[in-house]
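Engineer: For reference, the file data-v1.cif (mmCIF, C-alpha atoms) is included below:
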data_my_file
loop_
_atom_site.label_atom_id
_atom_site.label_comp_id
_atom_site.auth_asym_id
_atom_site.auth_seq_id
_atom_site.Cartn_x
_atom_site.Cartn_y
_atom_site.Cartn_z
CA MET A 188 7.62 54.61 -6.92
CA THR A 189 6.52 58.07 -8.15
CA ARG A 190 5.03 58.84 -4.74
CA ARG A 191 8.35 57.92 -3.16
CA LEU A 192 10.24 60.18 -5.61
CA ALA A 193 7.88 63.06 -4.86
CA GLN A 194 8.17 62.66 -1.08
CA VAL A 195 11.96 62.47 -1.12
CA ALA A 196 12.23 65.41 -3.56
CA LYS A 197 9.98 67.52 -1.34
CA LYS A 198 11.92 66.65 1.83
CA VAL A 199 15.28 67.55 0.26
CA GLY A 200 14.00 70.49 -1.82
CA VAL A 201 15.25 69.17 -5.19
CA SER A 202 13.52 67.96 -8.34
CA GLU A 203 12.21 64.41 -8.77
CA ALA A 204 14.64 64.04 -11.68
CA THR A 205 17.55 64.69 -9.30
CA VAL A 206 16.25 62.06 -6.85
CA SER A 207 15.90 59.62 -9.73
CA ARG A 208 19.50 60.28 -10.82
CA VAL A 209 20.76 59.54 -7.28
CA LEU A 210 18.71 56.35 -6.99
CA ASN A 211 19.98 55.11 -10.34
CA GLY A 212 23.59 56.04 -9.58
CA LYS A 213 23.78 58.55 -12.47
CA PRO A 214 26.41 61.33 -12.51
CA GLY A 215 25.70 65.08 -12.41
CA VAL A 216 24.63 65.31 -8.76
CA SER A 217 26.76 67.01 -6.10
CA ASP A 218 28.00 64.91 -3.18
CA SER A 219 26.02 66.88 -0.61
CA THR A 220 22.76 66.52 -2.60
CA ARG A 221 23.37 62.81 -3.02
CA GLN A 222 23.90 62.41 0.74
CA ALA A 223 20.79 64.51 1.47
CA VAL A 224 18.67 62.29 -0.81
CA LEU A 225 20.00 59.11 0.82
CA SER A 226 19.36 60.56 4.31
CA ALA A 227 15.81 61.47 3.28
CA LEU A 228 15.24 57.88 2.10
CA ASP A 229 16.40 56.60 5.50
CA VAL A 230 14.30 59.09 7.45
CA LEU A 231 11.17 58.37 5.42
CA GLY A 232 11.71 54.66 5.98
CA TYR A 233 12.34 53.64 2.36
CA GLU A 234 14.79 50.90 1.43
CA ARG A 235 17.91 52.13 -0.32
CA PRO A 236 18.51 50.72 -3.79
CA THR A 237 20.75 47.64 -3.48
CA GLN A 238 23.81 49.28 -5.02
CA LEU A 239 23.67 52.14 -2.47
CA ARG A 240 23.29 49.99 0.62
CA GLY A 241 26.98 49.52 1.27
CA GLU A 242 27.26 53.02 2.68
CA ARG A 243 26.31 53.79 6.22
CA ALA A 244 23.24 55.92 6.55
CA ARG A 245 23.95 59.58 7.30
CA LEU A 246 21.85 59.18 10.43
CA VAL A 247 23.07 59.93 13.96
CA GLY A 248 21.26 58.66 17.03
CA LEU A 249 20.69 61.25 19.75
CA VAL A 250 19.74 59.31 22.89
CA LEU A 251 18.22 61.29 25.79
CA PRO A 252 16.68 60.07 29.04
CA GLU A 253 13.64 62.39 28.94
CA LEU A 254 12.35 65.68 27.59
CA GLN A 255 10.64 67.01 30.73
CA ASN A 256 13.84 68.54 32.11
CA PRO A 257 14.38 71.49 29.71
CA ILE A 258 18.16 70.86 29.64
CA PHE A 259 17.67 67.86 27.32
CA PRO A 260 15.61 69.59 24.60
CA ALA A 261 18.22 72.38 24.80
CA PHE A 262 21.03 69.90 24.11
CA ALA A 263 18.93 68.26 21.37
CA GLU A 264 18.46 71.61 19.66
CA VAL A 265 22.17 72.48 19.64
CA ILE A 266 23.37 68.99 18.69
CA GLY A 267 20.62 68.50 16.08
CA GLY A 268 21.40 71.85 14.45
CA ALA A 269 25.16 71.19 14.35
CA LEU A 270 24.59 67.71 12.83
CA ALA A 271 22.25 69.11 10.17
CA GLN A 272 24.92 71.64 9.13
CA LEU A 273 27.19 68.68 8.40
CA GLY A 274 24.54 66.90 6.32
CA LEU A 275 23.87 64.39 9.11
CA THR A 276 20.31 63.65 10.21
CA PRO A 277 19.63 63.35 13.95
CA VAL A 278 17.30 60.57 15.09
CA LEU A 279 15.91 61.55 18.50
CA CYS A 280 15.51 58.63 20.93
CA THR A 281 13.96 59.47 24.30
CA GLN A 282 13.21 56.91 26.94
CA THR A 283 9.73 56.73 28.38
CA LYS A 284 8.90 55.19 31.73
CA GLY A 285 8.30 51.49 31.16
CA GLY A 286 8.81 51.99 27.42
CA VAL A 287 11.76 51.61 25.10
CA SER A 288 15.06 51.25 26.96
CA GLU A 289 18.45 52.68 26.02
CA ALA A 290 19.59 49.19 24.94
CA ASP A 291 16.47 48.82 22.73
CA TYR A 292 17.27 52.13 21.04
CA VAL A 293 20.86 51.04 20.39
CA GLU A 294 19.54 47.86 18.78
CA LEU A 295 17.23 49.94 16.60
CA LEU A 296 19.97 52.40 15.63
CA LEU A 297 22.32 49.56 14.67
CA GLN A 298 19.62 48.16 12.40
CA GLN A 299 19.33 51.60 10.78
CA GLN A 300 23.08 51.53 10.00
CA VAL A 301 23.64 54.81 11.84
CA SER A 302 26.89 56.71 11.34
CA GLY A 303 27.25 57.44 15.06
CA VAL A 304 25.47 58.03 18.37
CA VAL A 305 25.50 60.92 20.88
CA PHE A 306 24.26 60.07 24.38
CA ALA A 307 23.29 62.72 26.95
CA GLY A 308 22.35 61.93 30.55
CA GLY A 309 22.35 58.17 29.88
CA LEU A 310 23.09 54.97 31.77
CA TYR A 311 26.82 55.48 31.20
CA ALA A 312 26.62 57.93 34.13
CA GLN A 313 25.28 55.26 36.52
CA ALA A 314 27.73 52.69 37.88
CA ASP A 315 25.03 50.12 38.73
CA ALA A 316 23.13 50.33 35.43
CA PRO A 317 23.48 47.83 32.53
CA HIS A 318 26.23 48.84 30.08
CA ASP A 319 26.34 45.96 27.57
CA HIS A 320 24.86 48.05 24.76
CA TYR A 321 27.87 50.39 24.89
CA ARG A 322 30.13 47.36 24.35
CA GLN A 323 28.03 46.47 21.29
CA LEU A 324 28.66 49.90 19.80
CA ALA A 325 32.38 49.71 20.56
CA ASP A 326 32.65 46.21 19.04
CA ARG A 327 31.11 47.48 15.81
CA ASN A 328 33.36 50.57 15.78
CA ILE A 329 30.37 52.93 15.76
CA PRO A 330 31.49 56.49 16.62
CA VAL A 331 30.07 57.52 20.02
CA VAL A 332 30.28 60.68 22.15
CA LEU A 333 28.98 60.98 25.72
CA VAL A 334 27.69 64.26 27.19
CA ASN A 335 28.47 64.71 30.92
CA ALA A 336 30.35 62.50 33.35
CA ALA A 337 30.58 58.79 32.58
CA ILE A 338 31.80 55.80 34.55
CA GLU A 339 35.39 54.82 33.76
CA HIS A 340 36.56 52.26 31.21
CA LEU A 341 33.85 52.74 28.56
CA GLY A 342 36.50 54.09 26.22
CA PHE A 343 34.43 56.80 24.47
CA PRO A 344 35.28 60.49 24.15
CA GLY A 345 33.05 62.83 26.13
CA VAL A 346 32.23 66.46 26.82
CA SER A 347 31.28 67.40 30.37
CA CYS A 348 30.44 70.41 32.43
CA ASP A 349 32.92 70.60 35.32
CA ASP A 350 30.83 69.42 38.29
CA ALA A 351 33.53 70.31 40.81
CA VAL A 352 33.72 73.92 39.63
CA ALA A 353 29.90 74.12 39.61
CA VAL A 354 29.65 73.12 43.26
CA GLU A 355 32.55 75.37 44.19
CA GLN A 356 30.81 78.39 42.62
CA ALA A 357 27.48 77.61 44.30
CA TRP A 358 29.06 76.84 47.69
CA ARG A 359 31.24 79.98 47.76
CA HIS A 360 28.22 82.08 46.76
CA LEU A 361 26.12 80.76 49.66
CA ALA A 362 29.05 81.00 52.09
CA SER A 363 29.64 84.65 51.06
CA LEU A 364 26.00 85.33 51.99
CA GLY A 365 26.69 83.99 55.49
CA HIS A 366 25.19 80.50 55.12
CA GLU A 367 26.92 78.00 57.41
CA ARG A 368 24.49 75.09 57.24
CA ILE A 369 24.52 74.20 53.54
CA GLY A 370 22.89 71.03 52.21
CA LEU A 371 23.05 69.18 48.89
CA VAL A 372 20.27 67.55 46.87
CA LEU A 373 21.98 65.05 44.54
CA GLY A 374 21.03 62.17 42.27
CA PRO A 375 21.42 58.47 43.22
CA ALA A 376 24.65 57.29 44.89
CA ASP A 377 25.94 55.55 41.71
CA HIS A 378 25.39 58.67 39.55
CA MET A 379 28.80 59.99 38.41
CA PRO A 380 28.02 63.75 38.13
CA SER A 381 26.49 63.58 41.64
CA GLN A 382 29.56 61.74 42.98
CA ARG A 383 31.79 64.46 41.53
CA LYS A 384 29.63 67.18 43.07
CA LEU A 385 29.76 65.49 46.47
CA SER A 386 33.57 65.08 46.32
CA ALA A 387 33.91 68.79 45.50
CA ALA A 388 31.64 69.75 48.43
CA ARG A 389 33.63 67.54 50.83
CA ALA A 390 36.88 69.13 49.60
CA LEU A 391 35.43 72.59 50.39
CA ALA A 392 33.81 71.56 53.67
CA PRO A 393 35.53 68.45 55.10
CA ASP A 394 33.15 68.48 58.08
CA LEU A 395 30.00 68.34 55.88
CA PRO A 396 27.63 66.05 57.85
CA ASP A 397 26.13 63.06 55.99
CA GLU A 398 22.65 64.20 57.01
CA HIS A 399 23.16 67.38 54.97
CA VAL A 400 23.34 65.29 51.77
CA ALA A 401 20.00 64.09 50.42
CA ARG A 402 19.54 61.80 47.38
CA ALA A 403 16.65 62.09 44.93
CA MET A 404 15.36 60.95 41.57
CA PHE A 405 15.79 63.77 39.06
CA SER A 406 12.33 65.32 39.23
CA LEU A 407 10.47 68.15 40.92
CA GLU A 408 8.83 65.71 43.34
CA GLY A 409 12.20 64.10 44.10
CA GLY A 410 13.68 67.50 44.86
CA GLN A 411 10.76 68.41 47.11
CA ALA A 412 11.04 65.20 49.16
CA ALA A 413 14.84 65.44 49.54
CA ALA A 414 14.78 69.16 50.40
CA THR A 415 12.06 68.57 53.01
CA ARG A 416 14.46 66.20 54.80
CA LEU A 417 17.26 68.82 54.68
CA LEU A 418 14.98 71.58 55.99
CA ASP A 419 14.01 69.34 58.93
CA ARG A 420 17.74 69.13 59.70
CA GLY A 421 18.10 72.91 59.83
CA VAL A 422 19.97 73.83 56.63
CA THR A 423 19.54 77.40 55.37
CA GLY A 424 21.13 76.99 51.93
CA ILE A 425 20.46 74.16 49.44
CA ILE A 426 22.57 73.33 46.36
CA CYS A 427 20.75 71.10 43.87
CA ALA A 428 22.06 68.87 41.06
CA SER A 429 19.47 70.12 38.54
CA ASP A 430 16.99 72.97 38.07
CA PRO A 431 13.86 70.77 38.50
CA LEU A 432 15.32 69.53 41.82
CA ALA A 433 15.83 73.17 42.84
CA LEU A 434 12.24 74.07 41.95
CA GLY A 435 11.17 71.12 44.12
CA ALA A 436 13.30 72.53 46.95
CA VAL A 437 11.62 75.95 46.62
CA ARG A 438 8.24 74.23 46.82
CA ALA A 439 9.37 72.25 49.91
CA ALA A 440 10.36 75.47 51.68
CA ARG A 441 7.02 77.10 50.82
CA ARG A 442 5.06 74.09 52.09
CA LYS A 443 6.84 74.54 55.42
CA GLY A 444 5.92 78.22 55.46
CA LEU A 445 9.55 79.29 54.89
CA ALA A 446 10.31 82.26 52.62
CA VAL A 447 12.70 81.85 49.66
CA PRO A 448 15.15 83.63 49.74
CA GLY A 449 14.29 85.35 53.08
CA GLU A 450 14.81 82.22 55.19
CA ILE A 451 16.07 79.58 52.74
CA SER A 452 18.40 80.07 49.76
CA VAL A 453 18.29 77.62 46.82
CA VAL A 454 20.79 77.16 43.97
CA GLY A 455 19.99 75.08 40.86
CA TYR A 456 22.18 73.56 38.18
CA ASP A 457 21.86 73.82 34.35
CA ASP A 458 20.22 77.22 33.79
CA SER A 459 17.69 75.59 31.53
CA ALA A 460 14.84 77.47 29.83
CA PHE A 461 12.49 79.64 31.92
CA MET A 462 14.56 79.58 35.13
CA ASN A 463 14.59 83.39 34.98
CA CYS A 464 10.75 83.32 34.92
CA THR A 465 10.20 81.28 38.08
CA GLU A 466 9.10 82.89 41.34
CA PRO A 467 11.61 83.84 42.61
CA PRO A 468 13.87 83.67 39.53
CA LEU A 469 16.33 80.84 40.19
CA THR A 470 19.99 81.34 41.06
CA THR A 471 21.69 78.49 39.20
CA VAL A 472 24.95 77.28 37.70
CA ARG A 473 24.79 77.45 33.91
CA GLN A 474 26.08 74.63 31.72
CA PRO A 475 27.59 76.01 28.48
CA ILE A 476 25.14 73.98 26.34
CA GLU A 477 26.03 75.61 23.03
CA ALA A 478 29.78 75.02 23.35
CA MET A 479 29.35 71.49 24.74
CA GLY A 480 26.86 70.45 22.03
CA ARG A 481 29.05 71.75 19.23
CA ALA A 482 32.14 70.07 20.67
CA ALA A 483 30.25 66.75 20.92
CA VAL A 484 29.30 66.98 17.23
CA GLU A 485 32.88 67.89 16.22
CA LEU A 486 34.21 64.86 18.10
CA LEU A 487 31.60 62.63 16.47
CA ASN A 488 32.17 64.01 12.98
CA ALA A 489 35.94 63.51 13.29
CA GLN A 490 35.33 59.84 14.11
CA ILE A 491 32.84 59.44 11.25
CA GLY A 492 35.48 60.91 8.93
CA GLY A 493 37.92 58.22 10.03
CA SER A 494 40.10 60.29 12.38
CA SER A 495 41.09 58.64 15.62
CA VAL A 496 39.84 60.58 18.63
CA THR A 497 41.30 59.92 22.07
CA ALA A 498 38.81 58.63 24.60
CA GLU A 499 39.28 61.58 26.93
CA GLU A 500 36.82 63.97 28.50
CA LEU A 501 36.70 67.65 27.58
CA LEU A 502 35.73 69.66 30.65
CA PHE A 503 33.73 72.87 30.14
CA GLU A 504 33.57 75.70 32.65
CA PRO A 505 30.14 76.45 34.18
CA GLU A 506 29.01 79.93 35.20
CA LEU A 507 27.10 81.01 38.30
CA VAL A 508 24.00 83.04 37.42
CA VAL A 509 22.78 84.92 40.49
CA ARG A 510 19.05 85.69 40.54
CA GLY A 511 16.41 85.93 43.24
CA SER A 512 16.42 82.56 45.05
CA THR A 513 19.51 83.33 47.19
CA ALA A 514 20.03 86.02 49.82
CA GLN A 515 21.82 86.75 53.10
CA ALA A 516 21.46 83.94 55.64
CA PRO A 517 18.80 84.64 58.27
CA ARG A 518 20.20 85.89 61.59
CA HIS A 519 18.98 83.66 64.40
#
Output the file's structure in the form of structure tokens.

Structural biologist:
Amino acid sequence: MTRRLAQVAKKVGVSEATVSRVLNGKPGVSDSTRQAVLSALDVLGYERPTQLRGERARLVGLVLPELQNPIFPAFAEVIGGALAQLGLTPVLCTQTKGGVSEADYVELLLQQQVSGVVFAGGLYAQADAPHDHYRQLADRNIPVVLVNAAIEHLGFPGVSCDDAVAVEQAWRHLASLGHERIGLVLGPADHMPSQRKLSAARALAPDLPDEHVARAMFSLEGGQAAATRLLDRGVTGIICASDPLALGAVRAARRKGLAVPGEISVVGYDDSAFMNCTEPPLTTVRQPIEAMGRAAVELLNAQIGGSSVTAEELLFEPELVVRGSTAQAPRH
């Protein structure tokens, strides 16, 4: 027991006597300190005293598909920081290949009595993926916020970067440089953000040939394979659905002995960490991560506080960042 007191006191930065007062339900402790002590108990894996179990834990699940794409740690940092300011403790859940699934994490978070869940880049964006675990959360009235485009009818509020505007900015940029054969490297066909990007491209260029659209898994290797197909079909400008895909496209061009940006221009999407340090520095469309992350936490906190939040999507404006991977189209 004393070891537990000491650990919790150290984690919260209060005295053991204060922790003891919280655990025994004694007065004289501020609300925020009491919540911090209870959160620390949950995080350290200790049982709450019986009389304090009725309250939901001040834990919030943050479910991400991976940490290799720097956009997800960036979202985790913003969302985690904003939650902590509200006295909520983020529990980071990342899926590993062949490991714990999104549904498994939801099960785990429900057992932990979480106050809410924020999902980024999850299965809600894929029409053909399993979605039962979202129903579970809805049935239990757990506050949920989704980051970036979701399939319809899930009924949760969301914050998204405007995919249509992103493609418009990238396309107009390449067109202004004289590129006429522009190709897209997108995610799988059932992936909502990719569907939105494709619709926007078709609105801008109704005669966009199907063979100028290549699908890929979201990875460097996926981008390289898809871009190789586009290069074989003669495109000179490539718009990618993520920065790692774009880096794969740059590598594909190099493997074919083509200069970037001299012969091939490449545009990424996200403006995640280090994209200004690549060779050449990557032209990309920046997601406003800070604003989106904070808005997601505000929406979640409102629900936790008992306010009803409409299940609509807040669209955030992206911004084209021009660097060294795009240039005038080659004159043939």

Engineer: Applied to the shown file, which residues does the PyMOL selection byres ((chain A and resi 482-488) around 8) return, written as a ChimeraX atom specification?

Structural biologist: /A:266,269-270,303-305,330-334,344-346,478-481,489-492,496

Engineer: For each of A:Leu364, A:Glu477, A:Ala440, A:Leu231, take the minimum atom-to-atom distance to Glu264 (chain A), counting all atoms listed in the file, then give the residue where this is smallest.

Structural biologist: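 Smallest distance to Glu264 (chain A) is found for A:Glu477.
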
Engineer: Need the shell around region 384-387 of chain A: protein/DNA/RNA residues with any atom at most 7 Å away, counting only C-alpha atoms. Skip same-chain ones fewer than 5 positions apart. Format as a list in words?

Structural biologist: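 The filter keeps Asp350, Ala351, Val354 and Glu355 of chain A.
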
Engineer: Using all atoms listed in the file, which protein or nucleic acid residues come within 12 Å of Ala388 (chain A)? Drop anything in the same chain fewer than 5 positions from it, and give the result as a ChimeraX atom specification.

Structural biologist: /A:350-359,369-373,381-383,393-397,399-400,426-427

Engineer: Mind telling me what the PyMOL selection byres ((chain A and resi 421) around 12) catches here, as a list of chain:residue names?

Structural biologist: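 That selection, the PyMOL selection byres ((chain A and resi 421) around 12), comes back as A:His366, A:Glu367, A:Arg368, A:Ile369, A:Gly370, A:Pro396, A:Glu398, A:His399, A:Ala414, A:Thr415, A:Arg416, A:Leu417, A:Leu418, A:Asp419, A:Arg420, A:Val422, A:Thr423, A:Gly424, A:Ile425, A:Ala440, A:Leu445, A:Glu450, A:Ile451, A:Pro517, A:His519.
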
Engineer: Keeping C-alpha atoms for every residue in the selection just given, could you write it to a file as a compact mmCIF listing (two decimals), in the coordinates of the input?

Structural biologist:
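Wrote it out as result13.txt, contents follow:
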# COMPACT_ATOMS: atom_id res chain seq x y z
CA HIS A 366 25.19 80.50 55.12
CA GLU A 367 26.92 78.00 57.41
CA ARG A 368 24.49 75.09 57.24
CA ILE A 369 24.52 74.20 53.54
CA GLY A 370 22.89 71.03 52.21
CA PRO A 396 27.63 66.05 57.85
CA GLU A 398 22.65 64.20 57.01
CA HIS A 399 23.16 67.38 54.97
CA ALA A 414 14.78 69.16 50.40
CA THR A 415 12.06 68.57 53.01
CA ARG A 416 14.46 66.20 54.80
CA LEU A 417 17.26 68.82 54.68
CA LEU A 418 14.98 71.58 55.99
CA ASP A 419 14.01 69.34 58.93
CA ARG A 420 17.74 69.13 59.70
CA VAL A 422 19.97 73.83 56.63
CA THR A 423 19.54 77.40 55.37
CA GLY A 424 21.13 76.99 51.93
CA ILE A 425 20.46 74.16 49.44
CA ALA A 440 10.36 75.47 51.68
CA LEU A 445 9.55 79.29 54.89
CA GLU A 450 14.81 82.22 55.19
CA ILE A 451 16.07 79.58 52.74
CA PRO A 517 18.80 84.64 58.27
CA HIS A 519 18.98 83.66 64.40

Engineer: CA of His378 (chain A) and CA of Phe262 (chain A) are how many Å apart?

Structural biologist: 19.6 Å

Engineer: Enter the distance from CA of Ala428 (chain A) to CA of Gly286 (chain A), in Å, rounded to one decimal.

Structural biologist: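 Answer for the CA of Ala428 (chain A) to CA of Gly286 (chain A) separation: 25.4 Å.
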
Engineer: Within 12 Å of (9.4, 63.9, 46.5) in the file's own coordinates, which protein, DNA or RNA residues have an atom, counting all atoms listed in the file? List them as a short mmCIF file (atom, residue, chain, number, x, y, z; two decimals) with C-alpha atoms, in the frame of the given file.

Structural biologist:
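Output file selection_30.cif is given in full below:
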data_model
loop_
_atom_site.label_atom_id
_atom_site.label_comp_id
_atom_site.auth_asym_id
_atom_site.auth_seq_id
_atom_site.Cartn_x
_atom_site.Cartn_y
_atom_site.Cartn_z
CA VAL A 372 20.27 67.55 46.87
CA ALA A 401 20.00 64.09 50.42
CA ARG A 402 19.54 61.80 47.38
CA ALA A 403 16.65 62.09 44.93
CA MET A 404 15.36 60.95 41.57
CA PHE A 405 15.79 63.77 39.06
CA SER A 406 12.33 65.32 39.23
CA LEU A 407 10.47 68.15 40.92
CA GLU A 408 8.83 65.71 43.34
CA GLY A 409 12.20 64.10 44.10
CA GLY A 410 13.68 67.50 44.86
CA GLN A 411 10.76 68.41 47.11
CA ALA A 412 11.04 65.20 49.16
CA ALA A 413 14.84 65.44 49.54
CA ALA A 414 14.78 69.16 50.40
CA THR A 415 12.06 68.57 53.01
CA ARG A 416 14.46 66.20 54.80
CA PRO A 431 13.86 70.77 38.50
CA LEU A 432 15.32 69.53 41.82
CA ALA A 433 15.83 73.17 42.84
CA LEU A 434 12.24 74.07 41.95
CA GLY A 435 11.17 71.12 44.12
CA ALA A 436 13.30 72.53 46.95
CA ARG A 438 8.24 74.23 46.82
CA ALA A 439 9.37 72.25 49.91
#

Engineer: Choose the residue, out of A:Gly444, A:Pro375, A:Gly493, A:Gly365, that has the smallest atom-to-atom separation from Arg518 (chain A); count only C-alpha atoms.

Structural biologist: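 Closest residue, counting only C-alpha atoms: A:Gly365.
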
Engineer: Which residue out of A:Ser202, A:Ser207, A:Ser363, A:Asn256 has the minimum interatomic distance to Asp458 (chain A) when all atoms listed in the file are used?

Structural biologist: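 Closest candidate: A:Asn256.
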
Engineer: Contacts of Gln313 (chain A) at 10 Å or less, counting all atoms listed in the file, minus same-chain residues fewer than 5 places along, as a PyMOL selection string?

Structural biologist: chain A and resi 308+318+336-338+374-381

Engineer: Pull out every residue that the PyMOL selection byres ((chain A and resi 510) around 7) matches in the shown coordinates and put them as a VMD selection string.

Structural biologist: chain A and resid 468 to 470 508 to 509 511 to 512

Engineer: Rounded to one decimal, what separation in Å do you get between CA of Gly215 (chain A) and CA of Gly268 (chain A)?

Structural biologist: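 Separation between CA of Gly215 (chain A) and CA of Gly268 (chain A): 28.0 Å.
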
Engineer: Between A:Arg208, A:Lys198, A:Lys443, A:Lys213, which residue has the minimum interatomic distance to Val230 (chain A), considering all atoms listed in the file?

Structural biologist: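 Nearest candidate to Val230 (chain A) out of A:Arg208, A:Lys198, A:Lys443, A:Lys213: A:Lys198.
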
Engineer: Any idea what's packed within 9 Å of Leu251 (chain A), counting only C-alpha atoms, ignoring anything in its chain fewer than 6 positions away? Could you give it as a ChimeraX atom specification?

Structural biologist: /A:259-260,263,279-282,289,305-309

Engineer: Give me the residues near Thr283 (chain A) as a short mmCIF file (atom, residue, chain, number, x, y, z; two decimals) with C-alpha atoms, in the coordinates of the input, where near means some atom within 9 Å (using all atoms listed in the file) and where sequence neighbours in that chain fewer than 5 positions away do not count.

Structural biologist:
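Below is the file that was written, out-v5.cif:
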data_model
loop_
_atom_site.label_atom_id
_atom_site.label_comp_id
_atom_site.auth_asym_id
_atom_site.auth_seq_id
_atom_site.Cartn_x
_atom_site.Cartn_y
_atom_site.Cartn_z
CA PRO A 252 16.68 60.07 29.04
CA GLU A 253 13.64 62.39 28.94
CA SER A 288 15.06 51.25 26.96
#

Engineer: With all atoms listed in the file as the basis for distance, which of A:His320, A:Arg441, A:Arg473, A:Arg245 is at the shortest distance from Leu273 (chain A)?

Structural biologist: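 Of all the options, A:Arg245 lies closest to Leu273 (chain A).
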
Engineer: Choose the residue, out of A:Ser429, A:Ser495, A:Ser459, A:Asn335, that has the smallest atom-to-atom separation from Leu310 (chain A); count only C-alpha atoms.

Structural biologist: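 Looking only at the distances to Leu310 (chain A), the closest residue turns out to be A:Asn335.
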
Engineer: Using all atoms listed in the file, what residues lie at most 10 Å away from (24.0, 63.1, -0.3) (file coordinates), given as a list in words?

Structural biologist: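 Returned residue set, sorted by chain then number, is Val199, Val209, Val216, Ser217, Asp218, Ser219, Thr220, Arg221, Gln222, Ala223, Val224, Leu225, Ser226, Ala227, Ala244, Arg245, Gly274 and Leu275 of chain A.
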